[in-house]
$ cat target.txt   # compact mmCIF, C-alpha atoms
# COMPACT_ATOMS: atom_id res chain seq x y z
CA MET A 114 -41.56 -52.57 51.35
CA SER A 115 -40.86 -53.81 47.85
CA LEU A 116 -42.12 -50.49 46.52
CA ASN A 117 -39.50 -48.54 48.46
CA TYR A 118 -36.83 -50.93 47.31
CA GLN A 119 -37.82 -50.34 43.69
CA SER A 120 -37.87 -46.55 44.11
CA LEU A 121 -34.39 -46.66 45.55
CA LEU A 122 -33.24 -48.76 42.62
CA LEU A 123 -34.74 -46.37 40.05
CA PHE A 124 -33.22 -43.41 41.89
CA SER A 125 -29.82 -45.11 41.80
CA LEU A 126 -30.27 -45.80 38.10
CA THR A 127 -30.17 -42.02 37.47
CA VAL A 128 -27.14 -41.45 39.71
CA ILE A 129 -25.16 -44.39 38.34
CA SER A 130 -25.95 -43.50 34.71
CA PHE A 131 -24.72 -39.96 35.41
CA ALA A 132 -21.53 -41.27 37.02
CA ILE A 133 -20.79 -43.54 34.05
CA ALA A 134 -21.59 -40.73 31.61
CA LYS A 135 -19.20 -38.36 33.42
CA ILE A 136 -16.38 -40.89 33.36
CA ALA A 137 -17.00 -41.53 29.65
CA TYR A 138 -16.88 -37.78 28.99
CA HIS A 139 -13.51 -37.37 30.71
CA ARG A 140 -12.07 -40.51 29.11
CA GLY A 141 -13.29 -39.33 25.71
CA LYS A 142 -11.28 -36.09 26.04
CA ASN A 143 -14.46 -34.01 26.45
CA ASN A 144 -15.80 -34.96 23.01
CA ILE A 145 -18.99 -32.98 22.44
CA LEU A 146 -20.97 -36.07 21.41
CA LEU A 147 -20.15 -37.71 24.76
CA GLN A 148 -22.22 -35.03 26.54
CA PRO A 149 -22.95 -36.41 30.05
CA LEU A 150 -26.66 -35.62 29.63
CA LEU A 151 -26.90 -37.41 26.28
CA VAL A 152 -25.02 -40.51 27.43
CA GLY A 153 -26.89 -40.56 30.77
CA VAL A 154 -30.29 -40.37 29.07
CA ILE A 155 -29.38 -43.13 26.61
CA LEU A 156 -28.30 -45.39 29.51
CA VAL A 157 -31.51 -44.73 31.46
CA VAL A 158 -33.74 -45.25 28.42
CA PHE A 159 -32.00 -48.54 27.59
CA CYS A 160 -32.37 -49.81 31.16
CA LEU A 161 -36.06 -48.88 31.28
CA TYR A 162 -36.62 -50.56 27.95
CA PHE A 163 -34.85 -53.81 28.81
CA LEU A 164 -36.27 -54.04 32.33
CA ASN A 165 -39.71 -53.16 30.97
CA ILE A 166 -40.30 -50.36 33.49
CA PRO A 167 -42.87 -47.70 32.54
CA TYR A 168 -41.57 -44.11 32.47
CA SER A 169 -44.27 -42.96 34.92
CA GLN A 170 -42.87 -45.32 37.57
CA TYR A 171 -39.30 -44.18 36.90
CA ILE A 172 -40.15 -40.47 37.12
CA ASP A 173 -42.08 -40.97 40.37
CA SER A 174 -38.86 -42.14 42.02
CA ASN A 175 -36.87 -39.24 40.60
CA ARG A 176 -39.05 -36.23 41.45
CA ILE A 177 -36.32 -34.75 43.66
CA PHE A 178 -34.11 -34.08 40.62
CA GLN A 179 -36.95 -32.32 38.82
CA TRP A 180 -37.58 -30.20 41.91
CA LEU A 181 -33.91 -29.25 42.21
CA LEU A 182 -34.03 -27.79 38.68
CA GLY A 183 -35.83 -24.79 40.23
CA PRO A 184 -32.98 -23.83 42.59
CA ALA A 185 -30.52 -24.59 39.74
CA VAL A 186 -32.22 -22.00 37.52
CA VAL A 187 -32.15 -19.48 40.39
CA SER A 188 -28.41 -20.01 40.89
CA LEU A 189 -27.74 -19.12 37.21
CA ALA A 190 -27.90 -15.54 38.51
CA ILE A 191 -24.46 -16.01 40.14
CA PRO A 192 -22.38 -16.62 36.95
CA LEU A 193 -24.54 -14.01 35.21
CA TYR A 194 -23.49 -11.44 37.83
CA LYS A 195 -19.84 -12.50 37.74
CA ASN A 196 -19.63 -12.33 33.93
CA SER A 197 -21.34 -8.98 33.62
CA HIS A 198 -18.07 -7.01 33.95
CA HIS A 199 -16.72 -8.64 30.76
CA ILE A 200 -19.79 -7.45 28.95
CA ARG A 201 -20.07 -3.95 30.41
CA GLN A 202 -18.28 -2.26 27.52
CA TRP A 203 -20.62 -3.83 24.96
CA LEU A 204 -23.71 -4.08 27.14
CA GLY A 205 -26.17 -2.13 24.98
CA GLY A 206 -25.18 -3.92 21.79
CA VAL A 207 -25.24 -7.33 23.46
CA LEU A 208 -28.71 -6.75 24.94
CA LEU A 209 -30.08 -5.48 21.62
CA THR A 210 -28.61 -8.46 19.76
CA ILE A 211 -30.08 -10.92 22.26
CA VAL A 212 -33.56 -9.38 22.14
CA ILE A 213 -33.72 -9.13 18.34
CA SER A 214 -32.01 -12.41 17.52
CA ALA A 215 -33.99 -14.44 20.07
CA SER A 216 -37.27 -12.85 18.94
CA LEU A 217 -36.59 -13.47 15.25
CA GLY A 218 -35.55 -17.03 16.10
CA VAL A 219 -38.89 -17.62 17.81
CA LEU A 220 -40.79 -15.98 14.95
CA ILE A 221 -39.09 -18.03 12.23
CA THR A 222 -39.45 -21.28 14.15
CA TRP A 223 -43.12 -20.57 14.72
CA MET A 224 -43.72 -19.68 11.07
CA ILE A 225 -42.09 -22.84 9.76
CA SER A 226 -43.96 -25.01 12.30
CA GLN A 227 -47.20 -23.38 11.17
CA LEU A 228 -46.29 -24.27 7.61
CA PHE A 229 -45.96 -27.94 8.56
CA GLU A 230 -49.13 -27.75 10.68
CA LEU A 231 -47.50 -29.16 13.80
CA GLN A 232 -49.57 -29.57 16.97
CA LEU A 233 -49.62 -26.61 19.35
CA ASN A 234 -47.76 -28.36 22.17
CA THR A 235 -45.08 -29.46 19.67
CA GLN A 236 -44.77 -25.86 18.46
CA ILE A 237 -44.32 -24.63 22.02
CA ALA A 238 -41.57 -27.20 22.59
CA LEU A 239 -39.84 -26.02 19.39
CA ILE A 240 -39.91 -22.28 20.14
CA THR A 241 -38.21 -22.84 23.50
CA LYS A 242 -35.27 -24.55 21.77
CA SER A 243 -32.79 -21.76 22.46
CA ALA A 244 -33.52 -21.59 26.18
CA THR A 245 -31.29 -23.65 28.45
CA THR A 246 -33.06 -26.94 29.35
CA PRO A 247 -34.16 -26.10 32.93
CA ILE A 248 -35.67 -22.80 31.76
CA ALA A 249 -37.18 -24.42 28.64
CA LEU A 250 -38.84 -27.06 30.85
CA SER A 251 -40.33 -24.46 33.15
CA ILE A 252 -41.67 -22.46 30.18
CA ASN A 253 -43.26 -25.62 28.78
CA GLU A 254 -44.72 -26.35 32.20
CA VAL A 255 -46.35 -22.90 32.35
CA LEU A 256 -47.60 -23.03 28.74
CA SER A 257 -48.51 -26.75 28.80
CA GLY A 258 -46.12 -27.52 25.97
CA ASN A 259 -44.72 -30.99 25.33
CA LYS A 260 -42.07 -31.17 28.10
CA ALA A 261 -40.70 -34.54 27.05
CA LEU A 262 -40.19 -33.31 23.49
CA ALA A 263 -38.76 -29.98 24.66
CA ALA A 264 -35.92 -31.69 26.52
CA THR A 265 -34.97 -33.58 23.35
CA VAL A 266 -35.33 -30.54 21.09
CA VAL A 267 -33.18 -28.40 23.38
CA MET A 268 -30.47 -31.05 23.53
CA PHE A 269 -30.45 -31.39 19.71
CA THR A 270 -30.16 -27.60 19.40
CA GLY A 271 -27.26 -27.55 21.84
CA LEU A 272 -25.33 -30.33 20.13
CA PHE A 273 -25.98 -29.22 16.54
CA GLY A 274 -25.16 -25.55 17.18
CA ALA A 275 -22.02 -26.34 19.17
CA MET A 276 -20.76 -28.70 16.46
CA ILE A 277 -21.32 -26.47 13.43
CA GLY A 278 -21.13 -23.01 15.09
CA PRO A 279 -17.37 -22.44 15.36
CA VAL A 280 -16.65 -23.82 11.86
CA LEU A 281 -19.53 -21.95 10.21
CA LEU A 282 -18.76 -18.60 11.86
CA THR A 283 -15.01 -18.83 11.17
CA ARG A 284 -15.74 -19.61 7.50
CA LEU A 285 -17.99 -16.55 7.32
CA GLY A 286 -15.22 -14.37 8.71
CA PHE A 287 -16.37 -13.83 12.29
CA HIS A 288 -13.12 -14.31 14.17
CA ASP A 289 -13.78 -12.22 17.30
CA HIS A 290 -14.13 -14.54 20.30
CA ARG A 291 -16.73 -12.30 21.92
CA ILE A 292 -18.98 -12.50 18.86
CA MET A 293 -18.47 -16.25 18.57
CA GLY A 294 -19.35 -16.69 22.27
CA LEU A 295 -22.46 -14.57 21.96
CA ALA A 296 -23.72 -16.57 18.97
CA LEU A 297 -22.94 -19.92 20.62
CA GLY A 298 -24.57 -19.07 23.97
CA LEU A 299 -27.62 -17.45 22.42
CA THR A 300 -28.29 -20.34 20.06
CA SER A 301 -26.95 -23.40 21.82
CA HIS A 302 -27.20 -22.46 25.53
CA ALA A 303 -25.22 -24.75 27.89
CA ILE A 304 -23.58 -27.03 25.31
CA GLY A 305 -22.67 -23.97 23.23
CA THR A 306 -21.19 -22.34 26.34
CA GLN A 307 -19.13 -25.43 27.03
CA LYS A 308 -17.78 -25.33 23.47
CA ALA A 309 -17.09 -21.60 23.85
CA LEU A 310 -15.10 -22.21 27.05
CA GLU A 311 -12.85 -24.52 25.05
CA ILE A 312 -12.16 -21.70 22.58
CA SER A 313 -11.22 -19.12 25.25
CA PRO A 314 -12.37 -17.91 28.68
CA LEU A 315 -13.61 -14.64 27.16
CA CYS A 316 -15.61 -16.55 24.56
CA GLY A 317 -17.07 -18.65 27.40
CA ALA A 318 -18.00 -15.61 29.49
CA PHE A 319 -19.93 -14.09 26.58
CA ALA A 320 -21.63 -17.41 25.90
CA ALA A 321 -22.67 -17.90 29.54
CA PHE A 322 -24.03 -14.36 29.67
CA ALA A 323 -25.96 -14.79 26.40
CA MET A 324 -27.31 -18.19 27.47
CA THR A 325 -28.79 -16.92 30.73
CA LEU A 326 -30.21 -13.72 29.27
CA THR A 327 -31.72 -15.53 26.28
CA GLY A 328 -33.37 -18.08 28.58
CA GLY A 329 -34.60 -15.34 30.90
CA PHE A 330 -35.85 -13.22 27.99
CA LEU A 331 -37.77 -16.14 26.47
CA ALA A 332 -39.28 -17.00 29.86
CA LEU A 333 -40.39 -13.40 30.39
CA VAL A 334 -41.85 -12.89 26.91
CA LEU A 335 -43.18 -16.20 25.55
CA PRO A 336 -45.92 -16.71 28.19
CA PHE A 337 -47.56 -13.47 27.00
CA LEU A 338 -47.41 -14.39 23.31
CA VAL A 339 -48.76 -17.94 23.22
CA MET B 87 -26.02 -21.22 54.31
CA GLY B 88 -25.77 -20.41 50.59
CA ILE B 89 -28.12 -23.20 49.57
CA PHE B 90 -30.83 -21.77 51.86
CA ILE B 91 -30.57 -18.38 50.17
CA ILE B 92 -30.99 -20.06 46.77
CA ILE B 93 -33.94 -22.20 47.89
CA GLY B 94 -35.43 -19.19 49.66
CA PHE B 95 -35.38 -17.12 46.47
CA TYR B 96 -36.79 -20.08 44.55
CA CYS B 97 -39.74 -20.35 46.96
CA LEU B 98 -40.22 -16.59 46.81
CA GLY B 99 -40.25 -16.80 43.00
CA GLU B 100 -42.80 -19.64 43.00
CA PHE B 101 -44.88 -17.69 45.49
CA THR B 102 -44.82 -14.58 43.26
CA HIS B 103 -45.72 -16.75 40.28
CA SER B 104 -48.82 -18.25 41.90
CA PHE B 105 -49.84 -15.30 44.05
CA LEU B 106 -49.78 -12.69 41.29
CA HIS B 107 -50.92 -15.22 38.64
CA LEU B 108 -47.89 -14.31 36.55
CA PRO B 109 -47.35 -16.68 33.61
CA ILE B 110 -43.57 -16.36 34.07
CA PRO B 111 -41.96 -19.50 35.58
CA GLY B 112 -41.31 -19.14 39.33
CA ALA B 113 -37.69 -20.28 38.98
CA VAL B 114 -36.94 -17.46 36.52
CA ILE B 115 -38.53 -14.91 38.88
CA GLY B 116 -36.33 -16.38 41.63
CA MET B 117 -33.29 -15.89 39.39
CA VAL B 118 -34.17 -12.21 38.97
CA TYR B 119 -34.52 -11.89 42.77
CA LEU B 120 -31.12 -13.49 43.35
CA TYR B 121 -29.56 -11.19 40.74
CA LEU B 122 -31.00 -8.13 42.50
CA TYR B 123 -29.71 -9.52 45.82
CA LEU B 124 -26.21 -9.86 44.33
CA LEU B 125 -26.37 -6.30 43.00
CA MET B 126 -27.31 -5.01 46.45
CA HIS B 127 -24.62 -7.03 48.24
CA LYS B 128 -22.06 -6.32 45.49
CA GLY B 129 -21.24 -10.00 45.03
CA ALA B 130 -21.85 -13.53 46.25
CA SER B 131 -20.52 -14.90 49.53
CA PHE B 132 -18.21 -17.90 49.38
CA SER B 133 -20.85 -20.39 50.47
CA LEU B 134 -23.40 -18.97 48.03
CA GLN B 135 -20.92 -19.37 45.20
CA ARG B 136 -20.11 -22.91 46.27
CA SER B 137 -23.77 -23.94 46.44
CA GLY B 138 -24.47 -22.36 43.06
CA ARG B 139 -21.51 -24.13 41.49
CA LEU B 140 -22.63 -27.44 42.99
CA LEU B 141 -26.08 -27.12 41.41
CA ILE B 142 -24.91 -25.83 38.03
CA SER B 143 -22.03 -28.26 37.56
CA ASN B 144 -24.39 -31.18 38.24
CA LEU B 145 -27.13 -29.92 35.95
CA PRO B 146 -26.91 -32.97 33.63
CA LEU B 147 -27.78 -35.18 36.63
CA LEU B 148 -30.83 -33.06 37.43
CA LEU B 149 -31.90 -33.12 33.78
CA ILE B 150 -31.60 -36.85 33.13
CA PRO B 151 -35.06 -37.83 34.54
CA SER B 152 -36.92 -35.14 32.55
CA SER B 153 -34.95 -35.81 29.38
CA ALA B 154 -35.60 -39.56 29.59
CA GLY B 155 -39.21 -38.54 28.94
CA VAL B 156 -38.24 -38.80 25.27
CA VAL B 157 -39.64 -42.36 25.51
CA LEU B 158 -43.09 -40.76 25.74
CA CYS B 159 -42.79 -39.11 22.33
CA ILE B 160 -41.26 -41.89 20.27
CA SER B 161 -44.36 -42.20 18.06
CA LEU B 162 -44.40 -38.42 17.54
CA LEU B 163 -40.71 -38.51 16.57
CA GLU B 164 -41.35 -41.43 14.21
CA GLN B 165 -44.01 -39.42 12.41
CA GLN B 166 -42.57 -35.92 12.55
CA GLY B 167 -38.97 -36.36 13.66
CA LEU B 168 -37.57 -35.47 10.24
CA VAL B 169 -39.65 -32.31 9.94
CA ILE B 170 -38.67 -31.30 13.47
CA ALA B 171 -34.97 -31.91 12.77
CA LEU B 172 -35.27 -29.89 9.55
CA ILE B 173 -36.94 -26.94 11.32
CA LEU B 174 -34.33 -27.03 14.09
CA SER B 175 -31.29 -27.20 11.80
CA THR B 176 -32.52 -24.33 9.63
CA THR B 177 -33.31 -22.05 12.55
CA ILE B 178 -30.06 -22.91 14.37
CA VAL B 179 -27.98 -21.87 11.35
CA PHE B 180 -30.13 -18.76 10.95
CA SER B 181 -29.73 -17.81 14.61
CA LEU B 182 -25.94 -18.31 14.65
CA ILE B 183 -25.40 -16.17 11.55
CA LEU B 184 -27.89 -13.46 12.52
CA THR B 185 -26.39 -13.06 16.00
CA ALA B 186 -22.79 -12.86 14.77
CA TRP B 187 -23.68 -10.53 11.89
CA MET B 188 -25.72 -8.18 14.07
CA MET B 189 -23.14 -7.96 16.85
CA SER B 190 -20.31 -7.29 14.42
CA ARG B 191 -22.31 -4.51 12.74
CA LEU B 192 -23.06 -2.93 16.12
CA GLN B 193 -19.43 -3.32 17.13
CA ARG B 194 -18.18 -1.44 14.06
CA ARG B 195 -20.85 1.22 14.32
CA PHE B 196 -20.80 1.99 18.05
CA TYR B 197 -17.70 0.60 19.70
CA HIS B 198 -15.16 1.98 17.23
CA GLU B 199 -13.23 -1.22 16.88
CA PRO B 200 -11.90 -2.38 13.52
$ encode --input "target.txt" --output "structure tokens"
Amino acid sequence: MSLNYQSLLLFSLTVISFAIAKIAYHRGKNNILLQPLLVGVILVVFCLYFLNIPYSQYIDSNRIFQWLLGPAVVSLAIPLYKNSHHIRQWLGGVLLTIVISASLGVLITWMISQLFELQLNTQIALITKSATTPIALSINEVLSGNKALAATVVMFTGLFGAMIGPVLLTRLGFHDHRIMGLALGLTSHAIGTQKALEISPLCGAFAAFAMTLTGGFLALVLPFLV
Amino acid sequence: MGIFIIIGFYCLGEFTHSFLHLPIPGAVIGMVYLYLYLLMHKGASFSLQRSGRLLISNLPLLLIPSSAGVVLCISLLEQQGLVIALILSTTIVFSLILTAWMMSRLQRRFYHEP
């Protein structure tokens, strides 16, 4: 009986942390550093640390969320379909850019990680950095990469790219919102898309499209390369 | 109703993944199936859209348990965190610039916009 009670408590820990994180995000005027995922994870990690609960016990009570990531990835097809009419005019160019830029991104990341002689499962976590987290996790699952590290790496990529992207690209003279959206979604997936939506709806549509296709492309190609 | 379509395609994707021994994640195969379904039906029904939005807008909640796994790699991050952050920052800047540069070249070349 006490076991069930504890599972329920650990399950509620996730839900309550998420609720607090969401409120903080709205109160903080959608500041990018108050990302609900980031704040939620920090709250959970602190609670586990102070209550001295091992991660394995926590995750056992939260399997349902991990399972639901599957259907969540599947439903990414809906916004992808809805956004495709914005892209139609540029479709060929957008697809070519995604394929080449995502491939070169993987290649460069892999080459630098080779240089530093990182472990293989760390390397796998790093090359999935531009896939949206649920897709990155499933790629790491298939390739036995470091899933725990991948989640952190992907979040860092999202935050860093979304923070510097708009400033960097404007400085370099890329003012077109479609190009900005494409770069943000391709590099920084969901957090980049959120930033792009703040710039303009068109920018957001391009980012959402690029995010899903980049994730899908990496998932289709990486398993055959590693 | 919509949620059953989504879960159905997910199961079908996982089934394809394990039955055909494809290394591609089952969820991504399921996403391709749902996309093809939307193409055939020329759009998503209201309940399908609502279920999809429910899942996607609560993604951070679904991701919290997996992401809290960072506690398992604290020693790795202590040893190699700086190198990892360096690799990530370099490649993020590279990817942003390459994407924007390439798309703007293609735009000028093929889409006849200034």
$ residues_near_point --input "target.txt" --point "(-28.5, -22.7, 11.9)" --cutoff "12 Å" --atoms "all atoms listed in the file" --output "VMD selection string"
(chain A and resid 218 221 to 222 243 269 to 282 296 to 297 299 to 301) or (chain B and resid 171 to 186)
$ closest_residue --input "target.txt" --among "A:Leu335, A:Leu208, A:Ala249, A:Leu220" --to "Ala323 (chain A)" --atoms "all atoms listed in the file"
A:Leu208
$ interface_residues --input "target.txt" --of "chain B" --to "chain A" --cutoff "7 Å" --atoms "only C-alpha atoms" --output "ChimeraX atom specification"
/B:92-93,96,109-111,113-114,116-117,120-121,138,141-142,146-148,150-156,158-159,173-174,177-178,181-182,184-186,188-190,192
$ atom_distance --input "target.txt" --atom1 "CA of Met87 (chain B)" --atom2 "CA of Ser133 (chain B)"
6.5 Å
$ atom_distance --input "target.txt" --atom1 "CA of Leu108 (chain B)" --atom2 "CA of Gly258 (chain A)"
17.0 Å
$ atom_distance --input "target.txt" --atom1 "CA of Met324 (chain A)" --atom2 "CA of His302 (chain A)"
4.7 Å
